[in-house]
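Source file run36.cif; content: mmCIF, C-alpha atoms (C1' of nucleotides).
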data_start
loop_
_atom_site.label_atom_id
_atom_site.label_comp_id
_atom_site.auth_asym_id
_atom_site.auth_seq_id
_atom_site.Cartn_x
_atom_site.Cartn_y
_atom_site.Cartn_z
CA MET A 1 20.34 -12.56 0.07
CA SER A 2 18.53 -10.36 2.49
CA GLU A 3 19.50 -7.07 0.91
CA GLU A 4 17.24 -7.76 -2.01
CA LEU A 5 14.27 -8.00 0.28
CA VAL A 6 15.16 -4.80 2.11
CA ASN A 7 15.46 -2.94 -1.15
CA PHE A 8 12.12 -4.23 -2.24
CA PHE A 9 10.47 -2.94 0.90
CA LYS A 10 12.31 0.33 0.60
CA ALA A 11 10.98 0.70 -2.91
CA LEU A 12 7.43 0.42 -1.64
CA ALA A 13 7.95 2.38 1.56
CA ASP A 14 6.91 5.69 0.05
CA PRO A 15 3.34 6.88 -0.48
CA ASN A 16 3.92 8.21 -3.96
CA ARG A 17 5.77 5.16 -5.12
CA LEU A 18 2.98 2.97 -3.83
CA LYS A 19 0.51 5.12 -5.74
CA ILE A 20 2.57 4.76 -8.87
CA VAL A 21 2.48 1.00 -8.48
CA GLY A 22 -1.25 1.18 -7.90
CA LEU A 23 -1.76 3.26 -11.03
CA LEU A 24 0.44 1.03 -13.14
CA ALA A 25 -1.52 -1.96 -11.88
CA GLN A 26 -4.45 -0.55 -13.84
CA GLN A 27 -2.68 0.51 -17.00
CA PRO A 28 0.68 1.73 -18.26
CA TYR A 29 1.46 5.42 -17.90
CA SER A 30 4.11 7.79 -19.16
CA VAL A 31 6.27 9.83 -16.82
CA GLU A 32 4.39 12.97 -17.71
CA GLN A 33 1.00 11.44 -17.04
CA LEU A 34 2.07 10.19 -13.64
CA ALA A 35 3.46 13.62 -12.85
CA ALA A 36 0.13 15.20 -13.77
CA ILE A 37 -1.87 12.76 -11.70
CA LEU A 38 0.30 12.89 -8.61
CA HIS A 39 1.10 16.60 -8.79
CA LEU A 40 4.81 16.05 -8.84
CA ARG A 41 7.54 17.15 -11.19
CA ALA A 42 8.59 14.80 -13.93
CA SER A 43 12.05 14.62 -12.45
CA THR A 44 10.63 13.40 -9.18
CA ILE A 45 8.57 10.75 -10.93
CA SER A 46 11.65 9.73 -12.86
CA HIS A 47 13.51 9.31 -9.61
CA HIS A 48 10.76 7.14 -8.14
CA LEU A 49 10.46 5.05 -11.27
CA SER A 50 14.16 4.36 -11.30
CA LYS A 51 13.93 3.08 -7.75
CA LEU A 52 11.04 0.85 -8.68
CA ALA A 53 12.89 -0.33 -11.77
CA GLU A 54 15.96 -1.14 -9.67
CA VAL A 55 14.05 -3.85 -7.90
CA GLY A 56 12.40 -4.95 -11.12
CA LEU A 57 8.92 -3.80 -10.22
CA VAL A 58 8.43 -1.69 -13.33
CA SER A 59 9.91 -1.50 -16.80
CA ALA A 60 9.93 1.15 -19.49
CA LYS A 61 8.91 0.86 -23.09
CA ALA A 62 9.66 3.67 -25.54
CA GLU A 63 6.56 4.67 -27.44
CA SER A 64 6.90 7.49 -29.94
CA TYR A 65 7.63 10.50 -27.81
CA TYR A 66 6.86 8.95 -24.49
CA ASN A 67 8.53 6.52 -22.16
CA VAL A 68 5.71 4.31 -21.07
CA TYR A 69 6.16 2.42 -17.82
CA GLN A 70 4.38 -0.76 -16.94
CA LEU A 71 4.14 -2.93 -13.88
CA GLU A 72 6.08 -6.18 -13.83
CA GLU A 73 3.41 -8.44 -12.43
CA GLU A 74 5.86 -11.30 -12.27
CA THR A 75 8.17 -9.54 -9.86
CA LEU A 76 5.20 -8.67 -7.73
CA GLN A 77 4.11 -12.29 -7.59
CA LYS A 78 7.61 -13.54 -7.05
CA THR A 79 8.23 -11.23 -4.16
CA ARG A 80 4.97 -12.12 -2.54
CA ARG A 81 6.23 -15.67 -2.56
CA LEU A 82 9.66 -14.60 -1.39
CA PHE A 83 8.01 -12.99 1.55
CA SER A 84 7.19 -16.24 3.30
CA GLN A 85 8.24 -17.97 6.46
CA GLN A 86 11.35 -19.86 5.47
CA ASP A 87 12.73 -16.93 3.58
CA LEU A 88 12.40 -14.78 6.63
CA ALA A 89 14.81 -17.18 8.28
CA ALA A 90 17.30 -16.43 5.53
CA VAL A 91 17.29 -12.83 6.63
CA VAL A 92 19.06 -13.87 9.79
CA GLU A 93 21.96 -15.45 7.95
CA GLY A 94 25.29 -14.00 8.91
CA VAL A 95 23.94 -12.64 12.17
CA ASP A 96 26.24 -13.03 15.13
CA MET A 97 24.18 -15.22 17.43
CA GLU A 98 26.97 -15.70 19.88
CA GLY A 99 27.08 -11.98 20.53
CA TYR A 100 24.64 -12.31 23.36
CA ASP A 101 26.53 -15.10 25.09
CA ARG A 102 29.78 -13.25 24.81
CA LYS A 103 28.29 -10.12 26.29
CA VAL A 104 26.83 -11.94 29.25
CA VAL A 105 30.07 -13.77 29.97
CA GLU A 106 31.98 -10.52 29.80
CA ASP A 107 29.57 -8.94 32.25
CA TYR A 108 30.08 -11.75 34.72
CA SER A 109 33.80 -12.23 34.31
CA MET A 110 36.57 -10.55 36.26
CA PRO A 111 39.78 -9.47 34.57
CA ASP A 112 41.45 -12.78 35.45
CA GLY A 113 38.69 -14.69 33.66
CA ARG A 114 36.96 -15.98 36.78
CA LEU A 115 33.27 -15.47 37.33
CA LYS A 116 32.25 -12.78 39.78
CA THR A 117 29.12 -14.75 40.55
CA ILE A 118 27.08 -17.47 39.02
CA PRO A 119 24.13 -15.73 37.32
CA ALA A 120 20.80 -16.24 38.99
CA GLN A 121 18.73 -15.34 35.95
CA ARG A 122 17.98 -18.26 33.74
CA LYS A 123 18.89 -16.66 30.42
CA LYS A 124 22.21 -15.41 31.65
CA LEU A 125 23.04 -18.62 33.38
CA GLU A 126 22.49 -20.46 30.13
CA ALA A 127 24.81 -18.13 28.29
CA VAL A 128 27.56 -18.56 30.87
CA LEU A 129 27.15 -22.32 30.89
CA ARG A 130 27.42 -22.47 27.09
CA TYR A 131 30.70 -20.66 27.54
CA VAL A 132 32.01 -22.69 30.43
CA VAL A 133 31.27 -26.00 28.77
CA THR A 134 33.71 -25.23 25.96
CA VAL A 135 36.67 -26.18 28.18
CA PHE A 136 35.60 -29.80 27.89
CA THR A 137 36.46 -31.72 24.78
CA PRO A 138 33.46 -33.47 23.21
CA GLY A 139 33.67 -37.23 23.45
CA VAL A 140 36.25 -37.28 26.26
CA ARG A 141 35.11 -38.77 29.56
CA TYR A 142 35.97 -36.97 32.78
CA SER A 143 35.80 -38.09 36.40
CA GLU A 144 33.85 -35.92 38.80
CA LYS A 145 37.12 -34.88 40.37
CA GLN A 146 38.53 -33.78 37.05
CA VAL A 147 35.36 -31.89 36.26
CA ASN A 148 35.49 -30.05 39.55
CA GLU A 149 39.09 -29.16 39.05
CA MET A 150 38.46 -27.72 35.61
CA LEU A 151 35.43 -25.80 36.81
CA SER A 152 37.31 -24.34 39.73
CA ARG A 153 39.04 -22.17 37.18
CA PHE A 154 35.76 -20.26 36.81
CA HIS A 155 34.22 -20.33 40.29
CA GLU A 156 34.73 -21.94 43.65
CA ASP A 157 31.22 -23.32 43.72
CA THR A 158 32.05 -26.11 41.33
CA ALA A 159 29.18 -28.24 42.58
CA THR A 160 26.61 -25.74 41.39
CA LEU A 161 28.29 -25.27 38.04
CA ARG A 162 28.47 -29.01 37.55
CA ARG A 163 24.89 -29.55 38.50
CA GLU A 164 23.63 -26.80 36.22
CA LEU A 165 25.69 -28.04 33.31
CA VAL A 166 23.94 -31.37 33.62
CA GLY A 167 20.61 -29.74 34.36
CA TYR A 168 20.70 -27.72 31.15
CA GLY A 169 21.78 -30.75 29.18
CA LEU A 170 25.17 -29.44 28.23
CA MET A 171 26.97 -32.29 29.95
CA GLN A 172 25.82 -35.77 30.71
CA ARG A 173 26.50 -38.06 33.64
CA GLU A 174 26.53 -41.79 33.41
CA GLY A 175 24.14 -43.32 35.94
CA GLY A 176 26.53 -45.25 38.20
CA GLY A 177 30.17 -44.59 37.46
CA GLY A 178 30.27 -40.86 38.12
CA GLU A 179 31.74 -40.12 34.73
CA TYR A 180 30.86 -37.00 32.75
CA TRP A 181 31.14 -35.99 29.13
CA ARG A 182 30.24 -33.05 27.01
CA LYS A 183 27.35 -33.57 24.69
CA MET B 184 -6.67 2.93 3.57
CA SER B 185 -3.37 3.02 1.80
CA GLU B 186 -1.40 4.54 4.65
CA GLU B 187 -1.54 1.29 6.52
CA LEU B 188 0.24 -0.49 3.70
CA VAL B 189 2.90 2.22 3.41
CA ASN B 190 3.60 2.03 7.10
CA PHE B 191 3.91 -1.69 6.90
CA PHE B 192 6.51 -1.43 4.16
CA LYS B 193 8.29 1.32 6.02
CA ALA B 194 8.48 -0.91 9.04
CA LEU B 195 10.29 -3.55 7.02
CA ALA B 196 12.40 -1.16 4.97
CA ASP B 197 15.35 -1.29 7.33
CA PRO B 198 17.99 -4.01 7.47
CA ASN B 199 18.03 -4.27 11.24
CA ARG B 200 14.27 -4.33 11.57
CA LEU B 201 14.13 -7.09 9.00
CA LYS B 202 16.70 -9.01 11.00
CA ILE B 203 14.67 -8.52 14.14
CA VAL B 204 11.65 -9.95 12.40
CA GLY B 205 13.76 -12.84 11.16
CA LEU B 206 15.04 -13.56 14.65
CA LEU B 207 11.62 -13.34 16.22
CA ALA B 208 10.35 -15.73 13.57
CA GLN B 209 12.51 -18.34 15.25
CA GLN B 210 11.86 -17.54 18.89
CA PRO B 211 10.94 -14.65 21.17
CA TYR B 212 13.74 -12.41 22.39
CA SER B 213 14.16 -9.67 24.95
CA VAL B 214 15.34 -6.20 24.01
CA GLU B 215 18.71 -6.83 25.57
CA GLN B 216 19.25 -10.04 23.69
CA LEU B 217 18.43 -8.46 20.38
CA ALA B 218 20.78 -5.61 21.17
CA ALA B 219 23.62 -8.01 21.88
CA ILE B 220 22.98 -10.09 18.79
CA LEU B 221 22.68 -7.15 16.41
CA HIS B 222 25.39 -5.05 18.05
CA LEU B 223 23.09 -2.13 18.69
CA ARG B 224 22.15 -0.22 21.80
CA ALA B 225 19.03 -1.20 23.68
CA SER B 226 17.51 2.18 22.98
CA THR B 227 17.90 1.63 19.27
CA ILE B 228 16.29 -1.78 19.47
CA SER B 229 13.49 -0.28 21.49
CA HIS B 230 12.94 2.26 18.78
CA HIS B 231 12.82 -0.41 16.09
CA LEU B 232 10.50 -2.61 18.08
CA SER B 233 8.09 0.23 18.63
CA LYS B 234 7.92 0.78 14.90
CA LEU B 235 7.26 -2.88 14.33
CA ALA B 236 4.67 -2.90 17.08
CA GLU B 237 2.94 0.12 15.54
CA VAL B 238 2.01 -1.95 12.53
CA GLY B 239 1.18 -4.93 14.68
CA LEU B 240 4.06 -7.08 13.54
CA VAL B 241 5.36 -7.76 17.04
CA SER B 242 3.98 -7.66 20.55
CA ALA B 243 5.58 -7.54 23.97
CA LYS B 244 5.01 -9.77 26.93
CA ALA B 245 6.42 -8.84 30.32
CA GLU B 246 8.33 -11.72 31.82
CA SER B 247 9.89 -11.08 35.21
CA TYR B 248 12.54 -8.49 34.51
CA TYR B 249 12.43 -8.67 30.77
CA ASN B 250 10.15 -7.47 28.05
CA VAL B 251 9.97 -10.37 25.71
CA TYR B 252 8.89 -9.62 22.15
CA GLN B 253 7.32 -12.08 19.80
CA LEU B 254 6.31 -12.05 16.17
CA GLU B 255 2.64 -11.72 15.30
CA GLU B 256 2.40 -14.31 12.59
CA GLU B 257 -1.17 -13.34 11.90
CA THR B 258 -0.30 -9.80 10.88
CA LEU B 259 2.35 -11.17 8.59
CA GLN B 260 -0.14 -13.47 6.90
CA LYS B 261 -2.81 -10.82 6.76
CA THR B 262 -0.58 -8.28 5.13
CA ARG B 263 0.65 -10.78 2.63
CA ARG B 264 -2.96 -11.17 1.64
CA LEU B 265 -3.56 -7.44 1.76
CA PHE B 266 -0.81 -6.99 -0.74
CA SER B 267 -2.76 -8.46 -3.64
CA GLN B 268 -4.20 -7.20 -6.85
CA GLN B 269 -7.46 -5.59 -5.84
CA ASP B 270 -5.98 -4.01 -2.79
CA LEU B 271 -3.33 -2.37 -4.86
CA ALA B 272 -6.19 -0.61 -6.59
CA ALA B 273 -7.28 0.76 -3.24
CA VAL B 274 -3.95 2.53 -3.00
CA VAL B 275 -5.03 4.81 -5.78
CA GLU B 276 -8.11 5.99 -3.93
CA GLY B 277 -8.21 9.70 -3.34
CA VAL B 278 -5.77 10.38 -6.14
CA ASP B 279 -6.51 13.45 -8.16
CA MET B 280 -7.53 12.07 -11.49
CA GLU B 281 -8.30 15.55 -12.74
CA GLY B 282 -4.64 16.09 -13.40
CA TYR B 283 -4.79 13.14 -15.67
CA ASP B 284 -7.90 14.48 -17.40
CA ARG B 285 -6.16 17.72 -18.15
CA LYS B 286 -3.20 15.88 -19.58
CA VAL B 287 -5.35 13.63 -21.76
CA VAL B 288 -7.32 16.56 -23.08
CA GLU B 289 -4.09 18.28 -23.95
CA ASP B 290 -2.93 15.19 -25.76
CA TYR B 291 -6.12 15.05 -27.81
CA SER B 292 -6.42 18.75 -28.46
CA MET B 293 -4.99 20.68 -31.35
CA PRO B 294 -3.48 24.10 -30.81
CA ASP B 295 -6.83 25.75 -31.63
CA GLY B 296 -8.53 23.75 -28.88
CA ARG B 297 -10.40 21.36 -31.11
CA LEU B 298 -10.14 17.61 -30.63
CA LYS B 299 -7.97 15.72 -33.08
CA THR B 300 -10.15 12.67 -32.60
CA ILE B 301 -12.63 11.37 -30.09
CA PRO B 302 -10.69 8.88 -27.92
CA ALA B 303 -11.56 5.25 -28.44
CA GLN B 304 -10.23 4.07 -25.06
CA ARG B 305 -12.83 4.29 -22.33
CA LYS B 306 -10.58 5.97 -19.77
CA LYS B 307 -9.42 8.61 -22.15
CA LEU B 308 -12.91 9.21 -23.50
CA GLU B 309 -14.11 9.76 -19.96
CA ALA B 310 -11.37 12.22 -19.30
CA VAL B 311 -12.19 14.22 -22.43
CA LEU B 312 -15.91 14.19 -21.67
CA ARG B 313 -15.35 15.46 -18.14
CA TYR B 314 -13.50 18.34 -19.74
CA VAL B 315 -15.98 19.02 -22.52
CA VAL B 316 -18.94 19.12 -20.16
CA THR B 317 -17.52 22.11 -18.34
CA VAL B 318 -18.70 24.46 -21.12
CA PHE B 319 -22.25 23.91 -19.93
CA THR B 320 -23.47 25.80 -16.90
CA PRO B 321 -25.06 23.55 -14.27
CA GLY B 322 -28.79 24.13 -13.94
CA VAL B 323 -29.21 25.81 -17.30
CA ARG B 324 -31.38 24.00 -19.84
CA TYR B 325 -30.19 23.73 -23.43
CA SER B 326 -32.00 22.69 -26.61
CA GLU B 327 -30.43 19.91 -28.67
CA LYS B 328 -29.57 22.50 -31.28
CA GLN B 329 -27.75 24.62 -28.74
CA VAL B 330 -25.92 21.60 -27.40
CA ASN B 331 -24.75 20.61 -30.86
CA GLU B 332 -23.58 24.11 -31.58
CA MET B 333 -21.54 24.28 -28.41
CA LEU B 334 -20.05 20.84 -28.97
CA SER B 335 -19.11 21.68 -32.55
CA ARG B 336 -16.40 23.82 -31.02
CA PHE B 337 -14.63 20.59 -30.04
CA HIS B 338 -15.42 18.16 -32.86
CA GLU B 339 -17.62 17.90 -35.91
CA ASP B 340 -19.17 14.66 -34.71
CA THR B 341 -21.41 16.39 -32.22
CA ALA B 342 -23.88 13.54 -32.18
CA THR B 343 -21.33 11.14 -30.74
CA LEU B 344 -20.14 13.62 -28.16
CA ARG B 345 -23.70 14.35 -27.10
CA ARG B 346 -24.62 10.70 -26.87
CA GLU B 347 -21.53 9.85 -24.83
CA LEU B 348 -22.08 12.75 -22.46
CA VAL B 349 -25.50 11.36 -21.67
CA GLY B 350 -24.21 7.78 -21.67
CA TYR B 351 -21.61 8.55 -19.05
CA GLY B 352 -24.16 10.43 -16.99
CA LEU B 353 -22.51 13.80 -17.29
CA MET B 354 -25.55 15.36 -18.94
CA GLN B 355 -29.18 14.45 -18.72
CA ARG B 356 -31.98 14.59 -21.27
CA GLU B 357 -35.61 15.09 -20.41
CA GLY B 358 -37.74 12.28 -21.83
CA GLY B 359 -39.99 14.16 -24.30
CA GLY B 360 -38.93 17.75 -24.76
CA GLY B 361 -35.41 17.27 -26.10
CA GLU B 362 -33.90 19.51 -23.45
CA TYR B 363 -30.48 18.85 -21.91
CA TRP B 364 -28.77 20.01 -18.74
CA ARG B 365 -25.54 19.41 -16.99
CA LYS B 366 -25.74 17.31 -13.88
"C1'" DA C 367 11.15 0.89 51.60
"C1'" DA C 368 15.33 0.71 49.06
"C1'" DT C 369 17.79 -1.02 45.39
"C1'" DT C 370 18.64 -3.07 41.11
"C1'" DC C 371 18.00 -3.74 36.37
"C1'" DA C 372 15.65 -3.76 31.85
"C1'" DA C 373 13.04 -0.84 28.99
"C1'" DT C 374 11.63 3.40 27.34
"C1'" DT C 375 11.91 8.22 26.37
"C1'" DC C 376 14.48 12.43 25.35
"C1'" DG C 377 17.76 15.27 23.00
"C1'" DA C 378 21.38 15.51 19.77
"C1'" DT C 379 23.87 14.20 15.52
"C1'" DG C 380 24.90 12.59 11.05
"C1'" DT C 381 22.97 10.20 7.12
"C1'" DT C 382 19.52 9.20 3.93
"C1'" DT C 383 16.11 10.64 0.91
"C1'" DA C 384 12.05 13.13 -1.37
"C1'" DT C 385 11.50 17.06 -3.83
"C1'" DC C 386 12.45 21.03 -6.54
"C1'" DT C 387 14.83 23.84 -10.38
"C1'" DA C 388 18.05 23.94 -13.93
"C1'" DA C 389 20.88 21.70 -17.26
"C1'" DT C 390 21.53 17.92 -20.30
"C1'" DT C 391 20.35 14.07 -23.16
"C1'" DA C 392 17.57 11.64 -26.53
"C1'" DA C 393 14.22 11.13 -29.81
"C1'" DA C 394 10.77 12.54 -33.22
"C1'" DT C 395 8.59 15.94 -36.13
"C1'" DC C 396 9.12 19.89 -39.17
"C1'" DG D 397 19.58 19.74 -39.97
"C1'" DA D 398 16.91 22.56 -36.75
"C1'" DT D 399 13.49 22.50 -33.45
"C1'" DT D 400 10.38 20.79 -30.36
"C1'" DT D 401 9.30 17.81 -26.44
"C1'" DA D 402 9.83 14.11 -22.99
"C1'" DA D 403 13.03 12.03 -19.92
"C1'" DT D 404 16.95 11.87 -17.25
"C1'" DT D 405 20.75 13.68 -14.58
"C1'" DA D 406 22.91 17.03 -11.52
"C1'" DG D 407 22.90 20.07 -7.75
"C1'" DA D 408 20.60 22.05 -3.80
"C1'" DT D 409 17.44 22.03 0.14
"C1'" DA D 410 14.59 20.49 3.65
"C1'" DA D 411 12.39 16.72 6.01
"C1'" DA D 412 12.68 12.05 7.81
"C1'" DC D 413 15.17 8.75 10.17
"C1'" DA D 414 18.72 5.56 12.44
"C1'" DT D 415 21.71 5.70 16.03
"C1'" DC D 416 23.80 6.97 20.25
"C1'" DG D 417 24.32 8.48 25.27
"C1'" DA D 418 21.90 10.23 29.14
"C1'" DA D 419 17.89 10.65 31.91
"C1'" DT D 420 13.59 8.62 33.35
"C1'" DT D 421 10.27 5.12 34.21
"C1'" DG D 422 8.66 0.96 36.12
"C1'" DA D 423 8.78 -3.45 37.86
"C1'" DA D 424 10.86 -7.09 40.78
"C1'" DT D 425 14.02 -8.69 44.20
"C1'" DT D 426 16.20 -7.89 48.67
#
Re-express the file's structure as structure tokens.
Amino acid sequence: MSEELVNFFKALADPNRLKIVGLLAQQPYSVEQLAAILHLRASTISHHLSKLAEVGLVSAKAESYYNVYQLEEETLQKTRRLFSQQDLAAVVEGVDMEGYDRKVVEDYSMPDGRLKTIPAQRKKLEAVLRYVVTVFTPGVRYSEKQVNEMLSRFHEDTATLRRELVGYGLMQREGGGGEYWRK
Amino acid sequence: MSEELVNFFKALADPNRLKIVGLLAQQPYSVEQLAAILHLRASTISHHLSKLAEVGLVSAKAESYYNVYQLEEETLQKTRRLFSQQDLAAVVEGVDMEGYDRKVVEDYSMPDGRLKTIPAQRKKLEAVLRYVVTVFTPGVRYSEKQVNEMLSRFHEDTATLRRELVGYGLMQREGGGGEYWRK
DNA sequence: AATTCAATTCGATGTTTATCTAATTAAATC
DNA sequence: GATTTAATTAGATAAACATCGAATTGAATT
């Protein structure tokens, strides 16, 4: 999940917490010692340590009076690994990629669902075409006449729409017969 | 410097910024596109992108109307490297270790101010020595007898204390005369 | 030159969070 | 068992920050 990664970064996104990690990388310290070194109250250190412990970066070990904290090297290593290319892709999971298309189509559509204009800008044209093409059923073959008729629902300039659909590879035309199908 | 690392973590310590990085890891996007995909206003995306750009994680490239942002893979790699053992030590630079000294001395001192024992651990010994040496006035020359007398206030084993003070370079002894002074 | 459109900046708002003091808990020494 | 001492929790405050809408900038098309 992506939340784990965010929390990890949040844990390290504070100067004092980073210093604590740096100190613990050298040797274990008690809450009191860290407070003395960093000029903070014990309660504040406690708060920071609990955040670090939440993501498994540190752990406590009771030692006579003191609560001695130590760095969990393993978590550090593991997260360094986690922080690599393919895992970054996982961060995007669950993101609404069609949001952009929908927005563009909305912008270009009139209340009756017809297009005000055919977008001139490449990116927007693509989005609209990805939307328009959904009226065709994959696998079914359509004659040019049928295609035009179906496209006329969106815009009178069916020729342009048809051409662009093929141009952007969303529909295909068989060389001779003038038949089209959705890819 | 450590601030750089903190800022880097801060830049990634937000769910939407992480998603932006994840998206840009796949392909460049314009501000508008990101806004549509993440369901945020363009101004918010702009804000996030500027934070990411501050740490060099993304860069913009003007492309006709749009400002297309792309991920700076190099920075990602570099920071992954930066976030390794020895660099964690650098985070601790500039930290007030005196606070720690004071705490250690307290731990090793009895109510009357004498040392319970002379610390065996190097770090703690250093801390105690830095404290002990403060009873000597810089510039003043002391005979070995005087030194021993003053050190006896802390611990009966004055010879060890004296030797360690010199060993750690906190006091200096003149070759022949047996005179000592604080550095 | 005028207009359009994306991007940025500005100002405001509500939330998060780092820090403190005070109170409480927990554990070890007397 | 009472007392000391470290750690945590709770409550309060102030600073940092994410987000939005509005205003401004700046570039590209007409």
> Mind listing as a PyMOL selection string which residues of chain A are within 8 Å of chain B, counting all atoms listed in the file?
Replying inline: chain A and resi 3+6-10+12-15+18-19+21-23+25-26+33-34+36-39+80+83+85+88-92+95-100+103
Residue selection dump (C-alpha atoms) as a compact mmCIF listing (two decimals), keeping the file's coordinate frame:
# COMPACT_ATOMS: atom_id res chain seq x y z
CA GLU A 3 19.50 -7.07 0.91
CA VAL A 6 15.16 -4.80 2.11
CA ASN A 7 15.46 -2.94 -1.15
CA PHE A 8 12.12 -4.23 -2.24
CA PHE A 9 10.47 -2.94 0.90
CA LYS A 10 12.31 0.33 0.60
CA LEU A 12 7.43 0.42 -1.64
CA ALA A 13 7.95 2.38 1.56
CA ASP A 14 6.91 5.69 0.05
CA PRO A 15 3.34 6.88 -0.48
CA LEU A 18 2.98 2.97 -3.83
CA LYS A 19 0.51 5.12 -5.74
CA VAL A 21 2.48 1.00 -8.48
CA GLY A 22 -1.25 1.18 -7.90
CA LEU A 23 -1.76 3.26 -11.03
CA ALA A 25 -1.52 -1.96 -11.88
CA GLN A 26 -4.45 -0.55 -13.84
CA GLN A 33 1.00 11.44 -17.04
CA LEU A 34 2.07 10.19 -13.64
CA ALA A 36 0.13 15.20 -13.77
CA ILE A 37 -1.87 12.76 -11.70
CA LEU A 38 0.30 12.89 -8.61
CA HIS A 39 1.10 16.60 -8.79
CA ARG A 80 4.97 -12.12 -2.54
CA PHE A 83 8.01 -12.99 1.55
CA GLN A 85 8.24 -17.97 6.46
CA LEU A 88 12.40 -14.78 6.63
CA ALA A 89 14.81 -17.18 8.28
CA ALA A 90 17.30 -16.43 5.53
CA VAL A 91 17.29 -12.83 6.63
CA VAL A 92 19.06 -13.87 9.79
CA VAL A 95 23.94 -12.64 12.17
CA ASP A 96 26.24 -13.03 15.13
CA MET A 97 24.18 -15.22 17.43
CA GLU A 98 26.97 -15.70 19.88
CA GLY A 99 27.08 -11.98 20.53
CA TYR A 100 24.64 -12.31 23.36
CA LYS A 103 28.29 -10.12 26.29
> For chain C, which residues have at least one atom within 7 Å of chain A, if we go by only C-alpha atoms (C1' of nucleotides)? Write them as an NGL selection string, please.
Replying inline: :C and (385 or 393-394)
> If the PyMOL selection byres ((chain D) within 9 of (chain B)) is run on the structure shown, which residues does it catch, given as a PyMOL selection string?
Replying inline: chain D and resi 414-416+423-424
> For the file shown, what are the residues hit by the PyMOL selection byres ((chain D and resi 419) around 12), laid out as a list of chain:residue names?
Replying inline: C:DT374, C:DT375, C:DC376, C:DG377, D:DG417, D:DA418, D:DT420, D:DT421
> Within 12 Å of (-15.6, 14.8, -23.0), in the coordinates the file gives, what residues turn up when you count only C-alpha atoms (C1' of nucleotides), written out as number ranges by chain?
Replying inline: B: 284-285, 287-288, 291-292, 297-298, 300-303, 305-319, 334, 337-338, 341, 343-354
Restricting the output to C-alpha atoms, write the selected residues as an mmCIF file, in the coordinates of the input.
data_model
loop_
_atom_site.group_PDB
_atom_site.id
_atom_site.type_symbol
_atom_site.label_atom_id
_atom_site.label_comp_id
_atom_site.auth_asym_id
_atom_site.auth_seq_id
_atom_site.Cartn_x
_atom_site.Cartn_y
_atom_site.Cartn_z
ATOM 1 C CA ASP B 284 -7.900 14.480 -17.400
ATOM 2 C CA ARG B 285 -6.160 17.720 -18.150
ATOM 3 C CA VAL B 287 -5.350 13.630 -21.760
ATOM 4 C CA VAL B 288 -7.320 16.560 -23.080
ATOM 5 C CA TYR B 291 -6.120 15.050 -27.810
ATOM 6 C CA SER B 292 -6.420 18.750 -28.460
ATOM 7 C CA ARG B 297 -10.400 21.360 -31.110
ATOM 8 C CA LEU B 298 -10.140 17.610 -30.630
ATOM 9 C CA THR B 300 -10.150 12.670 -32.600
ATOM 10 C CA ILE B 301 -12.630 11.370 -30.090
ATOM 11 C CA PRO B 302 -10.690 8.880 -27.920
ATOM 12 C CA ALA B 303 -11.560 5.250 -28.440
ATOM 13 C CA ARG B 305 -12.830 4.290 -22.330
ATOM 14 C CA LYS B 306 -10.580 5.970 -19.770
ATOM 15 C CA LYS B 307 -9.420 8.610 -22.150
ATOM 16 C CA LEU B 308 -12.910 9.210 -23.500
ATOM 17 C CA GLU B 309 -14.110 9.760 -19.960
ATOM 18 C CA ALA B 310 -11.370 12.220 -19.300
ATOM 19 C CA VAL B 311 -12.190 14.220 -22.430
ATOM 20 C CA LEU B 312 -15.910 14.190 -21.670
ATOM 21 C CA ARG B 313 -15.350 15.460 -18.140
ATOM 22 C CA TYR B 314 -13.500 18.340 -19.740
ATOM 23 C CA VAL B 315 -15.980 19.020 -22.520
ATOM 24 C CA VAL B 316 -18.940 19.120 -20.160
ATOM 25 C CA THR B 317 -17.520 22.110 -18.340
ATOM 26 C CA VAL B 318 -18.700 24.460 -21.120
ATOM 27 C CA PHE B 319 -22.250 23.910 -19.930
ATOM 28 C CA LEU B 334 -20.050 20.840 -28.970
ATOM 29 C CA PHE B 337 -14.630 20.590 -30.040
ATOM 30 C CA HIS B 338 -15.420 18.160 -32.860
ATOM 31 C CA THR B 341 -21.410 16.390 -32.220
ATOM 32 C CA THR B 343 -21.330 11.140 -30.740
ATOM 33 C CA LEU B 344 -20.140 13.620 -28.160
ATOM 34 C CA ARG B 345 -23.700 14.350 -27.100
ATOM 35 C CA ARG B 346 -24.620 10.700 -26.870
ATOM 36 C CA GLU B 347 -21.530 9.850 -24.830
ATOM 37 C CA LEU B 348 -22.080 12.750 -22.460
ATOM 38 C CA VAL B 349 -25.500 11.360 -21.670
ATOM 39 C CA GLY B 350 -24.210 7.780 -21.670
ATOM 40 C CA TYR B 351 -21.610 8.550 -19.050
ATOM 41 C CA GLY B 352 -24.160 10.430 -16.990
ATOM 42 C CA LEU B 353 -22.510 13.800 -17.290
ATOM 43 C CA MET B 354 -25.550 15.360 -18.940
#
>> One decimal, in Å: what's the spacing between C1' of DT425 in chain D and CA of Glu106 in chain A?
In response: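 Separating C1' of DT425 in chain D from CA of Glu106 in chain A is a distance of 23.1 Å.
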>> So the first atom is CA of Trp181 in chain A and the second is CA of Arg141 in chain A; what is the distance between them in Å, to one decimal place?
In response: 4.9 Å
> When distances are computed from all atoms listed in the file, which of A:Pro28, A:Gly94, A:Gly113, A:Gly139 shows the smallest separation from Glu179 in chain A?
Replying inline: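 Closest to Glu179 in chain A of all the choices is A:Gly139.
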> Where does the PyMOL selection byres ((chain D and resi 413) around 9) land in this file, that is, which residues does it pick, as a ChimeraX atom specification?
Replying inline: /C:381-382 /D:412,414
